[in-house]
Structure formats: structure tokens, C-alpha cells
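**Student:** Here you go, this is data.cif (mmCIF, C-alpha atoms).
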data_coords
loop_
_atom_site.label_atom_id
_atom_site.label_comp_id
_atom_site.auth_asym_id
_atom_site.auth_seq_id
_atom_site.Cartn_x
_atom_site.Cartn_y
_atom_site.Cartn_z
CA MET C 656 0.00 0.00 0.00
CA ILE C 657 1.36 3.45 -0.92
CA SER C 658 2.56 5.35 2.15
CA ASN C 659 -0.13 7.35 3.94
CA THR C 660 2.46 10.09 4.45
CA THR C 661 3.12 10.32 0.70
CA THR C 662 -0.60 10.51 -0.02
CA THR C 663 -1.14 13.08 2.74
CA THR C 664 1.64 15.30 1.41
CA ALA C 665 0.43 15.03 -2.19
CA ASP C 666 -3.11 15.91 -1.10
CA PHE C 667 -1.76 18.87 0.88
CA LEU C 668 0.14 20.15 -2.16
CA ARG C 669 -2.93 19.78 -4.39
CA SER C 670 -4.88 21.85 -1.88
CA LYS C 671 -2.23 24.56 -2.38
CA GLY C 672 -2.63 24.47 -6.18
CA PHE C 673 0.01 21.91 -7.21
CA GLU C 674 -2.14 20.32 -9.94
CA ALA C 675 -0.97 17.65 -12.42
CA PRO C 676 2.68 18.60 -13.06
CA LEU C 677 4.19 16.71 -15.99
CA ILE C 678 7.85 17.06 -14.98
CA GLY C 679 9.68 16.96 -11.66
CA ILE C 680 13.00 18.83 -11.37
CA VAL C 681 15.72 18.62 -8.71
CA LEU C 682 18.22 21.50 -8.70
CA GLY C 683 21.64 20.89 -7.15
CA THR C 684 24.38 23.03 -5.59
CA GLY C 685 24.65 26.48 -7.17
CA LEU C 686 22.09 25.61 -9.82
CA SER C 687 19.10 27.80 -9.01
CA ALA C 688 18.88 29.97 -12.14
CA LEU C 689 16.46 27.56 -13.81
CA ALA C 690 13.97 28.29 -11.03
CA GLN C 691 13.99 31.94 -12.10
CA GLU C 692 12.71 30.84 -15.52
CA ILE C 693 9.61 29.19 -14.05
CA LYS C 694 6.36 31.13 -14.25
CA VAL C 695 5.50 30.51 -10.61
CA ILE C 696 1.96 29.50 -9.69
CA GLU C 697 2.77 28.46 -6.13
CA SER C 698 5.91 28.21 -3.99
CA LEU C 699 6.26 26.66 -0.53
CA ASN C 700 9.14 26.46 1.91
CA TYR C 701 10.10 22.89 2.76
CA ASP C 702 9.34 23.42 6.44
CA ASP C 703 5.73 24.22 5.50
CA ILE C 704 5.25 20.88 3.69
CA PRO C 705 4.21 17.78 5.69
CA GLY C 706 6.90 15.08 5.58
CA PHE C 707 9.63 17.32 4.13
CA VAL C 708 12.81 17.98 6.08
CA LEU C 709 14.68 21.29 5.83
CA SER C 710 17.91 21.51 3.84
CA THR C 711 20.84 22.75 5.93
CA VAL C 712 23.15 23.56 3.00
CA GLU C 713 23.64 27.30 2.54
CA SER C 714 23.54 27.09 -1.27
CA HIS C 715 20.19 25.25 -1.29
CA SER C 716 17.14 27.52 -1.03
CA GLY C 717 14.74 24.93 0.39
CA LYS C 718 11.66 25.69 -1.70
CA LEU C 719 9.23 23.60 -3.72
CA ILE C 720 8.08 25.53 -6.77
CA TYR C 721 5.09 24.76 -8.95
CA GLY C 722 4.59 26.56 -12.23
CA GLU C 723 5.05 26.63 -15.97
CA LEU C 724 8.33 26.23 -17.85
CA ALA C 725 8.65 25.98 -21.63
CA GLY C 726 4.88 25.55 -21.82
CA LYS C 727 4.77 22.59 -19.40
CA LYS C 728 3.61 22.28 -15.80
CA VAL C 729 6.58 21.48 -13.55
CA VAL C 730 7.32 21.00 -9.87
CA ALA C 731 10.89 21.89 -8.91
CA MET C 732 12.95 21.32 -5.79
CA GLN C 733 15.12 24.40 -5.35
CA GLY C 734 17.66 22.60 -3.22
CA ARG C 735 17.83 18.92 -2.30
CA PHE C 736 18.59 16.83 0.79
CA HIS C 737 21.89 14.98 1.35
CA PHE C 738 22.99 12.02 3.43
CA TYR C 739 25.81 14.09 4.98
CA GLU C 740 23.23 16.45 6.52
CA GLY C 741 22.16 13.61 8.78
CA PHE C 742 18.95 12.72 6.97
CA THR C 743 17.84 9.15 6.36
CA MET C 744 17.68 7.86 2.80
CA LYS C 745 13.89 7.75 3.08
CA GLU C 746 13.81 11.45 4.05
CA ILE C 747 16.15 12.32 1.17
CA THR C 748 14.00 10.55 -1.40
CA PHE C 749 10.54 11.28 0.01
CA PRO C 750 9.97 14.25 -2.38
CA ILE C 751 10.48 11.94 -5.38
CA ARG C 752 7.67 9.67 -4.19
CA VAL C 753 5.47 12.73 -3.62
CA MET C 754 6.18 13.96 -7.16
CA LYS C 755 5.07 10.61 -8.57
CA SER C 756 1.93 10.76 -6.43
CA LEU C 757 1.20 14.23 -7.84
CA GLY C 758 1.28 12.76 -11.36
CA VAL C 759 4.80 13.61 -12.55
CA LYS C 760 5.77 11.54 -15.63
CA TYR C 761 9.46 12.50 -15.94
CA LEU C 762 12.19 13.37 -13.42
CA LEU C 763 15.10 15.64 -14.38
CA LEU C 764 17.95 16.09 -11.91
CA SER C 765 21.08 18.22 -11.75
CA ASN C 766 24.11 18.31 -9.51
CA ALA C 767 27.55 19.84 -9.13
CA SER C 768 30.33 17.27 -9.21
CA GLY C 769 34.08 16.87 -9.29
CA GLY C 770 35.57 15.89 -12.62
CA LEU C 771 37.73 12.76 -12.84
CA ASN C 772 37.79 12.49 -16.62
CA LYS C 773 40.22 15.01 -18.11
CA ALA C 774 38.18 15.02 -21.32
CA ILE C 775 35.37 16.81 -19.42
CA PRO C 776 36.88 20.08 -18.10
CA LYS C 777 35.29 22.11 -15.34
CA GLY C 778 32.37 24.24 -16.43
CA ASN C 779 31.15 21.55 -18.82
CA LEU C 780 28.05 19.38 -18.57
CA MET C 781 28.05 15.59 -18.19
CA LEU C 782 24.97 13.49 -18.92
CA LEU C 783 24.78 10.58 -16.50
CA ASP C 784 24.78 7.31 -18.42
CA ASP C 785 25.31 5.17 -15.30
CA HIS C 786 26.42 5.45 -11.70
CA ILE C 787 28.43 3.76 -8.96
CA ASN C 788 26.75 3.83 -5.56
CA LEU C 789 29.30 4.15 -2.74
CA LEU C 790 26.80 5.44 -0.19
CA PRO C 791 26.62 3.28 2.97
CA THR C 792 22.88 2.60 2.87
CA ASN C 793 19.96 2.44 0.46
CA PRO C 794 16.53 4.15 0.36
CA LEU C 795 14.83 0.81 -0.35
CA ILE C 796 16.04 -0.95 2.81
CA GLY C 797 13.15 -2.06 5.00
CA LYS C 798 9.68 -3.40 4.25
CA ASN C 799 8.87 -3.02 0.57
CA ASP C 800 5.78 -1.17 -0.62
CA ASP C 801 4.67 -3.62 -3.31
CA GLU C 802 2.10 -1.15 -4.64
CA ALA C 803 4.84 1.42 -5.25
CA GLY C 804 7.41 -0.91 -6.84
CA PRO C 805 9.14 -4.31 -6.77
CA ARG C 806 11.27 -5.64 -3.91
CA PHE C 807 14.29 -5.96 -6.24
CA PRO C 808 14.08 -3.22 -8.88
CA ASP C 809 16.21 -3.68 -11.99
CA MET C 810 19.01 -1.13 -12.43
CA SER C 811 20.43 -2.23 -15.78
CA GLN C 812 19.44 1.15 -17.26
CA PRO C 813 18.93 3.55 -14.33
CA TYR C 814 18.78 6.60 -16.61
CA SER C 815 16.10 6.62 -19.31
CA ASN C 816 17.44 5.94 -22.80
CA GLN C 817 14.61 8.06 -24.22
CA LEU C 818 15.41 11.05 -22.01
CA ASN C 819 19.17 10.71 -22.49
CA GLN C 820 18.76 10.66 -26.27
CA LEU C 821 16.54 13.73 -26.06
CA PHE C 822 19.17 15.56 -23.98
CA GLN C 823 21.85 14.67 -26.54
CA ASP C 824 19.69 15.77 -29.48
CA CYS C 825 18.81 19.06 -27.79
CA ALA C 826 22.44 19.73 -26.80
CA LYS C 827 23.53 19.20 -30.38
CA ARG C 828 20.81 21.51 -31.67
CA LEU C 829 21.82 24.22 -29.16
CA ASP C 830 25.57 23.66 -29.74
CA ILE C 831 26.11 22.90 -26.05
CA PRO C 832 28.97 20.47 -25.26
CA LEU C 833 27.50 17.42 -23.50
CA THR C 834 29.48 14.27 -22.69
CA LYS C 835 28.06 11.03 -21.31
CA GLY C 836 29.74 9.61 -18.23
CA VAL C 837 29.58 7.59 -15.03
CA TYR C 838 28.84 9.34 -11.72
CA ALA C 839 30.09 8.00 -8.38
CA ALA C 840 28.10 8.92 -5.27
CA VAL C 841 30.03 9.20 -1.99
CA PRO C 842 28.78 10.17 1.49
CA GLY C 843 30.71 13.43 1.99
CA PRO C 844 30.77 16.09 3.25
CA ASN C 845 34.57 16.21 2.92
CA LEU C 846 36.08 16.23 -0.53
CA GLU C 847 38.21 13.25 -1.50
CA THR C 848 41.89 12.51 -0.97
CA ARG C 849 44.32 11.96 -3.84
CA ALA C 850 44.23 8.21 -3.22
CA GLU C 851 40.43 8.22 -3.24
CA TYR C 852 40.37 10.06 -6.56
CA ARG C 853 42.74 7.45 -8.02
CA TYR C 854 40.47 4.70 -6.72
CA LEU C 855 37.36 6.30 -8.23
CA MET C 856 39.08 6.67 -11.58
CA ARG C 857 40.19 3.03 -11.53
CA ILE C 858 36.67 1.73 -10.87
CA GLY C 859 35.32 3.66 -13.85
CA ALA C 860 33.93 6.96 -12.52
CA ASP C 861 34.06 10.10 -14.67
CA ALA C 862 32.72 12.39 -11.93
CA VAL C 863 32.09 12.24 -8.19
CA GLY C 864 29.44 13.86 -6.01
CA MET C 865 27.33 13.48 -2.88
CA SER C 866 23.77 13.26 -4.20
CA THR C 867 21.46 12.14 -7.01
CA VAL C 868 21.87 8.35 -6.74
CA PRO C 869 19.34 7.84 -3.90
CA GLU C 870 16.73 9.79 -5.87
CA VAL C 871 17.49 7.79 -9.01
CA ILE C 872 17.16 4.48 -7.14
CA VAL C 873 13.71 5.51 -5.89
CA ALA C 874 12.70 6.79 -9.34
CA ASN C 875 13.53 3.36 -10.75
CA HIS C 876 11.64 1.66 -7.92
CA ILE C 877 8.46 3.63 -8.70
CA ASN C 878 8.89 3.43 -12.48
CA LEU C 879 9.54 7.14 -12.98
CA PRO C 880 11.80 7.76 -16.02
CA CYS C 881 14.70 10.01 -15.08
CA ALA C 882 17.76 11.76 -16.46
CA ALA C 883 20.52 13.69 -14.69
CA ILE C 884 23.11 16.29 -15.63
CA SER C 885 26.32 16.97 -13.69
CA VAL C 886 27.98 20.35 -13.89
CA ILE C 887 31.71 19.67 -13.53
CA THR C 888 32.79 22.28 -11.01
CA ASP C 889 36.35 21.25 -10.18
CA GLU C 890 39.05 19.05 -11.70
CA CYS C 891 40.08 16.19 -9.44
CA ASP C 892 43.50 15.37 -10.84
CA PRO C 893 45.28 13.45 -8.04
CA ASP C 894 48.71 14.33 -9.46
CA ASN C 895 47.97 18.08 -9.52
CA LEU C 896 45.39 18.47 -6.78
CA LYS C 897 44.69 21.95 -5.46
CA PRO C 898 42.45 22.92 -2.55
CA VAL C 899 38.95 24.01 -3.58
CA THR C 900 36.27 25.88 -1.63
CA LEU C 901 32.48 25.74 -1.78
CA ALA C 902 32.49 29.34 -3.02
CA GLU C 903 34.67 28.33 -6.00
CA ILE C 904 32.41 25.34 -6.74
CA ILE C 905 29.30 27.53 -6.68
CA ALA C 906 30.95 30.15 -8.90
CA ILE C 907 31.75 27.55 -11.60
CA ALA C 908 28.26 26.06 -11.32
CA GLN C 909 26.69 29.47 -11.78
CA LYS C 910 28.76 30.14 -14.91
CA ALA C 911 27.53 26.84 -16.36
CA GLU C 912 23.90 27.65 -15.52
CA VAL C 913 23.34 29.45 -18.83
CA ASN C 914 23.92 26.23 -20.78
CA LEU C 915 22.16 24.05 -18.21
CA THR C 916 19.08 26.29 -18.20
CA SER C 917 18.91 26.43 -21.99
CA LEU C 918 19.26 22.66 -22.24
CA PHE C 919 16.63 21.90 -19.59
CA LYS C 920 14.16 24.32 -21.19
CA GLU C 921 14.63 22.75 -24.62
CA VAL C 922 14.19 19.22 -23.26
CA ILE C 923 11.11 20.20 -21.26
CA PHE C 924 9.59 21.88 -24.33
CA LYS C 925 9.92 18.58 -26.24
CA LEU C 926 8.39 16.36 -23.55
CA GLN C 927 4.77 15.26 -23.83
#
Can you present the structure in this file as C-alpha cells?

**Tutor:**
Amino acid sequence: MISNTTTTTADFLRSKGFEAPLIGIVLGTGLSALAQEIKVIESLNYDDIPGFVLSTVESHSGKLIYGELAGKKVVAMQGRFHFYEGFTMKEITFPIRVMKSLGVKYLLLSNASGGLNKAIPKGNLMLLDDHINLLPTNPLIGKNDDEAGPRFPDMSQPYSNQLNQLFQDCAKRLDIPLTKGVYAAVPGPNLETRAEYRYLMRIGADAVGMSTVPEVIVANHINLPCAAISVITDECDPDNLKPVTLAEIIAIAQKAEVNLTSLFKEVIFKLQ
């Protein structure tokens, strides 16, 4: 049976005007410009929404926005939740289940990540083709909700082929560099050591970050097609590693927002 809490939250949001969004969006660190493009119908702080926790990261606004973007109804998380903030995986991924309950048909995610592949320099966009989950727990642990999804969801193609192809086609049309790659999710909040970067490169990761994967696991569990874009905000070359600050990461992410916003708007315009 679908969680009463999920249903309660979805009903609450409908009572506030969140009606039949087609697309759910999750905006990562330093990536809030897309929210400015939404023709807002309703906006709520997370702490006003039943079942939502409150993001503690200074670069995450903590608002759920409902409105119109590129002619489509969307619901967007302006800021997400992370494991390193002390939240459970179920708390982190609860908004994804609520989006599905609201009627969302597609999930588009973004994040800021460290680049391991020298062919994808900082400031560029990487389309997630696959991921490596190095987080210490999983949002599906515990009693399974058989009405929501299977006990053992398949993850052979965690990111929708249809959506990924659409992102590639739109990027080509807009002349925006977009490379496919593998994203590794780690707990954080510290950045990695030189040895850890070497390890991540050896196991096949092109970028590393501290989010996205839990949401993608739940999206697959509830049969919600998803796609994700990483903005490469720093270059993690273990042989030439330099200290990096959150301010520098946010600054790079914000420079890349022009391309990310254009790409998301084009993809959303094409979705039916």
C-alpha cells in the first residue's frame, strides 16, 4: 500500500494548487537559475510541507516551486537533501515519491560534481549514463511497498534511454557540449583525498558527487523515467590536486547555468 504520508503530502500540495505537473525537477548546488525561468503558480518552503525535512546547506534555497516552464507544468525542488546532513535515505527521497503521487511523468535532476575524466573540463556538462553507488545505505532498505514498486528493482538502465537521447539531441541543436559519463556517489561532506580520486578513476567513474543516486534508485523503484546532468565544477587530478572551496564550486556552477538552463528548457519543451 502506498505510504499514507506520501498521499497526505500530495493531497496537501494539491490543496495549495500543485495540480498535475508533468515534470519533476531537482536543482543541485549552485544551480538555481532555472527556477527563475519558471512562471510561478505556487511556492512553498520545505518546512511548510508535511513530511519534508529542511535543507541545511547554505547554497540550497529549500523551496518547492510549482509553475510553468517551456509551456509545461513542472514541480521543482530548489535545493535537495543529502545524506551528509544527517537525513535518512527515506527522508532524502521522500519528495520523489510525492512527485510521482502528484502525477509527474518525468524526473530531471542536476548536480555539481568533481571531474575525474580530463576530457570533461570544469564548467562543462556531463549526462549521466550510469552510476556507482558508494553510499553506505539504500533508500529501499526495509519493508517493501509492493504497490509502489518491486522488492528488487532492476538497475540495468537507471537513466532513461529516451530522455538521455533527447538531452543529446537538444544539446547538439543548441551547440552545447555534453558528454556522457559515469557518476560516483560518496557520502561526503569532505572532498576526496588523492588516493580516493585514483580509486574512483580506476573503478570507472568520470565524476564524483554526494547526491542524485538515492533519488534515481527511488525513481527506478516507482517506475519514474529520469535523467541527470552533472555540472563539472572542479578538476580532481590526483597528481595536480589543489584545494577548492564551496564558493569556487558555486561560482563555476553558476557560470555553467546558462547552458544548463537552456538545455533543460529545450528538453522540457519537447516532452509530452

**Student:** Counting only C-alpha atoms, write as an MDAnalysis selection string all protein and nucleic acid residues lying at most 10 Å from (34.3, 16.5, -19.8) in the file's frame.

**Tutor:** chainID C and resid 770:782 832:836 861:862 886:887 890

**Student:** Write a file of the selected residues as a short mmCIF file (atom, residue, chain, number, x, y, z; two decimals), in the frame of the given file, keeping C-alpha atoms.

**Tutor:**
data_model
loop_
_atom_site.label_atom_id
_atom_site.label_comp_id
_atom_site.auth_asym_id
_atom_site.auth_seq_id
_atom_site.Cartn_x
_atom_site.Cartn_y
_atom_site.Cartn_z
CA GLY C 770 35.57 15.89 -12.62
CA LEU C 771 37.73 12.76 -12.84
CA ASN C 772 37.79 12.49 -16.62
CA LYS C 773 40.22 15.01 -18.11
CA ALA C 774 38.18 15.02 -21.32
CA ILE C 775 35.37 16.81 -19.42
CA PRO C 776 36.88 20.08 -18.10
CA LYS C 777 35.29 22.11 -15.34
CA GLY C 778 32.37 24.24 -16.43
CA ASN C 779 31.15 21.55 -18.82
CA LEU C 780 28.05 19.38 -18.57
CA MET C 781 28.05 15.59 -18.19
CA LEU C 782 24.97 13.49 -18.92
CA PRO C 832 28.97 20.47 -25.26
CA LEU C 833 27.50 17.42 -23.50
CA THR C 834 29.48 14.27 -22.69
CA LYS C 835 28.06 11.03 -21.31
CA GLY C 836 29.74 9.61 -18.23
CA ASP C 861 34.06 10.10 -14.67
CA ALA C 862 32.72 12.39 -11.93
CA VAL C 886 27.98 20.35 -13.89
CA ILE C 887 31.71 19.67 -13.53
CA GLU C 890 39.05 19.05 -11.70
#

**Student:** Segment 727-831 of chain C near segment 900-920 of chain C within 12 Å: what's each residue's closest atom pair and its distance in Å to one decimal, counting only C-alpha atoms, ordered by chain then ascending residue number, as a Markdown table?

**Tutor:**
| residue | atom | partner | partner_atom | distance |
| --- | --- | --- | --- | --- |
| C:Lys727 | CA | C:Lys920 | CA | 9.7 |
| C:Val729 | CA | C:Lys920 | CA | 11.1 |
| C:Leu762 | CA | C:Phe919 | CA | 11.4 |
| C:Leu763 | CA | C:Phe919 | CA | 8.3 |
| C:Leu764 | CA | C:Phe919 | CA | 9.7 |
| C:Ser765 | CA | C:Leu915 | CA | 8.8 |
| C:Asn766 | CA | C:Ala908 | CA | 9.0 |
| C:Ala767 | CA | C:Ala908 | CA | 6.6 |
| C:Ser768 | CA | C:Ile904 | CA | 8.7 |
| C:Gly769 | CA | C:Ile904 | CA | 9.0 |
| C:Gly770 | CA | C:Ile904 | CA | 11.6 |
| C:Pro776 | CA | C:Ile907 | CA | 11.2 |
| C:Lys777 | CA | C:Ile907 | CA | 7.5 |
| C:Gly778 | CA | C:Ala911 | CA | 5.5 |
| C:Asn779 | CA | C:Ala911 | CA | 6.9 |
| C:Leu780 | CA | C:Leu915 | CA | 7.5 |
| C:Met781 | CA | C:Leu915 | CA | 10.3 |
| C:Leu782 | CA | C:Leu915 | CA | 11.0 |
| C:Leu818 | CA | C:Phe919 | CA | 11.2 |
| C:Asn819 | CA | C:Phe919 | CA | 11.8 |
| C:Leu821 | CA | C:Leu918 | CA | 10.1 |
| C:Phe822 | CA | C:Leu918 | CA | 7.3 |
| C:Gln823 | CA | C:Leu918 | CA | 9.4 |
| C:Asp824 | CA | C:Leu918 | CA | 10.0 |
| C:Cys825 | CA | C:Leu918 | CA | 6.6 |
| C:Ala826 | CA | C:Leu918 | CA | 6.3 |
| C:Lys827 | CA | C:Leu918 | CA | 9.8 |
| C:Arg828 | CA | C:Leu918 | CA | 9.6 |
| C:Leu829 | CA | C:Leu918 | CA | 7.5 |
| C:Asp830 | CA | C:Asn914 | CA | 9.5 |
| C:Ile831 | CA | C:Asn914 | CA | 6.6 |

**Student:** To test your reading of the syntax: which residues would the PyMOL selection byres ((chain C and resi 667) around 12) return for the file shown? Reply as a list in words.

**Tutor:**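 This file, filtered by the PyMOL selection byres ((chain C and resi 667) around 12), leaves Thr660, Thr661, Thr662, Thr663, Thr664, Ala665, Asp666, Leu668, Arg669, Ser670, Lys671, Gly672, Phe673, Glu674, Leu699, Asp703, Ile704, Pro705, Gly706, Phe707, Val753, Ser756 and Leu757 of chain C.
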
**Student:** Selected by the PyMOL selection byres ((chain C and resi 789-806) around 12) in the shown coordinates: which residues, as a VMD selection string?

**Tutor:** chain C and resid 656 to 659 661 to 662 737 to 739 742 to 749 751 to 753 755 to 756 786 to 788 807 to 810 838 to 844 851 854 to 855 858 860 863 to 879

**Student:** Here is a test: counting all atoms listed in the file, which residue of C:Tyr852, C:Tyr814, C:Tyr761, C:Phe924 is nearest to Leu677 of chain C?

**Tutor:** C:Tyr761

**Student:** Output the residue selection produced by the PyMOL selection byres ((chain C and resi 698) around 7) on the file above, formatted as a ChimeraX atom specification.

**Tutor:** /C:697,699-700,718-721

**Student:** Could you save those same residues with C-alpha atoms as a PDB file, in the coordinates of the input?

**Tutor:**
ATOM      1  CA  GLU C 697       2.770  28.460  -6.130  1.00  0.00           C
ATOM      2  CA  LEU C 699       6.260  26.660  -0.530  1.00  0.00           C
ATOM      3  CA  ASN C 700       9.140  26.460   1.910  1.00  0.00           C
ATOM      4  CA  LYS C 718      11.660  25.690  -1.700  1.00  0.00           C
ATOM      5  CA  LEU C 719       9.230  23.600  -3.720  1.00  0.00           C
ATOM      6  CA  ILE C 720       8.080  25.530  -6.770  1.00  0.00           C
ATOM      7  CA  TYR C 721       5.090  24.760  -8.950  1.00  0.00           C
TER       8      TYR C 721
END

**Student:** By how many Å are atom CA of Thr684 of chain C and atom CA of Lys728 of chain C apart?

**Tutor:**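 About the pair atom CA of Thr684 of chain C and atom CA of Lys728 of chain C: they are 23.2 Å apart.
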
**Student:** What does the structure give for the distance between atom CA of Lys925 of chain C and atom CA of Phe736 of chain C, in Å to one decimal?

**Tutor:**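 Separation of atom CA of Lys925 of chain C and atom CA of Phe736 of chain C: 28.4 Å.
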
**Student:** Quick one, how far is atom CA of Gly859 of chain C from atom CA of Leu686 of chain C?

**Tutor:**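 The value is 25.9 Å.
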
**Student:** Taking N, CA and C atoms as the atom set, what does segment 677-698 of chain C look like once completed, written as a compact mmCIF listing (two decimals), in the frame of the given file?

**Tutor:**
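Everything below was put into rebuild.txt:
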# COMPACT_ATOMS: atom_id res chain seq x y z
N LEU C 677 3.69 17.75 -15.08
CA LEU C 677 4.19 16.71 -15.99
C LEU C 677 5.62 16.31 -15.63
N ILE C 678 6.41 17.27 -15.16
CA ILE C 678 7.85 17.06 -14.98
C ILE C 678 8.26 17.46 -13.57
N GLY C 679 9.06 16.62 -12.93
CA GLY C 679 9.68 16.96 -11.66
C GLY C 679 11.14 17.33 -11.90
N ILE C 680 11.63 18.33 -11.19
CA ILE C 680 13.00 18.83 -11.37
C ILE C 680 13.67 18.91 -10.00
N VAL C 681 14.92 18.47 -9.92
CA VAL C 681 15.72 18.62 -8.71
C VAL C 681 16.96 19.44 -9.07
N LEU C 682 17.11 20.59 -8.40
CA LEU C 682 18.22 21.50 -8.70
C LEU C 682 19.29 21.37 -7.63
N GLY C 683 20.53 21.13 -8.05
CA GLY C 683 21.64 20.89 -7.15
C GLY C 683 22.39 22.15 -6.75
N THR C 684 23.56 21.95 -6.15
CA THR C 684 24.38 23.03 -5.59
C THR C 684 24.70 24.10 -6.63
N GLY C 685 24.33 25.35 -6.30
CA GLY C 685 24.65 26.48 -7.17
C GLY C 685 23.87 26.53 -8.46
N LEU C 686 22.81 25.72 -8.56
CA LEU C 686 22.09 25.61 -9.82
C LEU C 686 20.63 26.05 -9.64
N SER C 687 20.44 27.31 -9.29
CA SER C 687 19.10 27.80 -9.01
C SER C 687 18.54 28.70 -10.10
N ALA C 688 19.33 29.02 -11.11
CA ALA C 688 18.88 29.97 -12.14
C ALA C 688 17.67 29.44 -12.90
N LEU C 689 17.59 28.13 -13.08
CA LEU C 689 16.46 27.56 -13.81
C LEU C 689 15.15 27.90 -13.11
N ALA C 690 15.17 27.95 -11.79
CA ALA C 690 13.97 28.29 -11.03
C ALA C 690 13.46 29.69 -11.39
N GLN C 691 14.39 30.58 -11.75
CA GLN C 691 13.99 31.94 -12.10
C GLN C 691 13.24 31.99 -13.43
N GLU C 692 13.38 30.92 -14.21
CA GLU C 692 12.71 30.84 -15.52
C GLU C 692 11.28 30.31 -15.40
N ILE C 693 10.94 29.77 -14.25
CA ILE C 693 9.61 29.19 -14.05
C ILE C 693 8.59 30.30 -13.81
N LYS C 694 7.48 30.24 -14.53
CA LYS C 694 6.36 31.13 -14.25
C LYS C 694 5.63 30.55 -13.04
N VAL C 695 5.92 31.12 -11.87
CA VAL C 695 5.50 30.51 -10.61
C VAL C 695 4.00 30.65 -10.39
N ILE C 696 3.37 29.51 -10.09
CA ILE C 696 1.96 29.50 -9.69
C ILE C 696 1.86 29.41 -8.17
N GLU C 697 2.73 28.59 -7.58
CA GLU C 697 2.77 28.46 -6.13
C GLU C 697 4.19 28.07 -5.70
N SER C 698 4.59 28.54 -4.54
CA SER C 698 5.91 28.21 -3.99
C SER C 698 5.77 28.03 -2.48
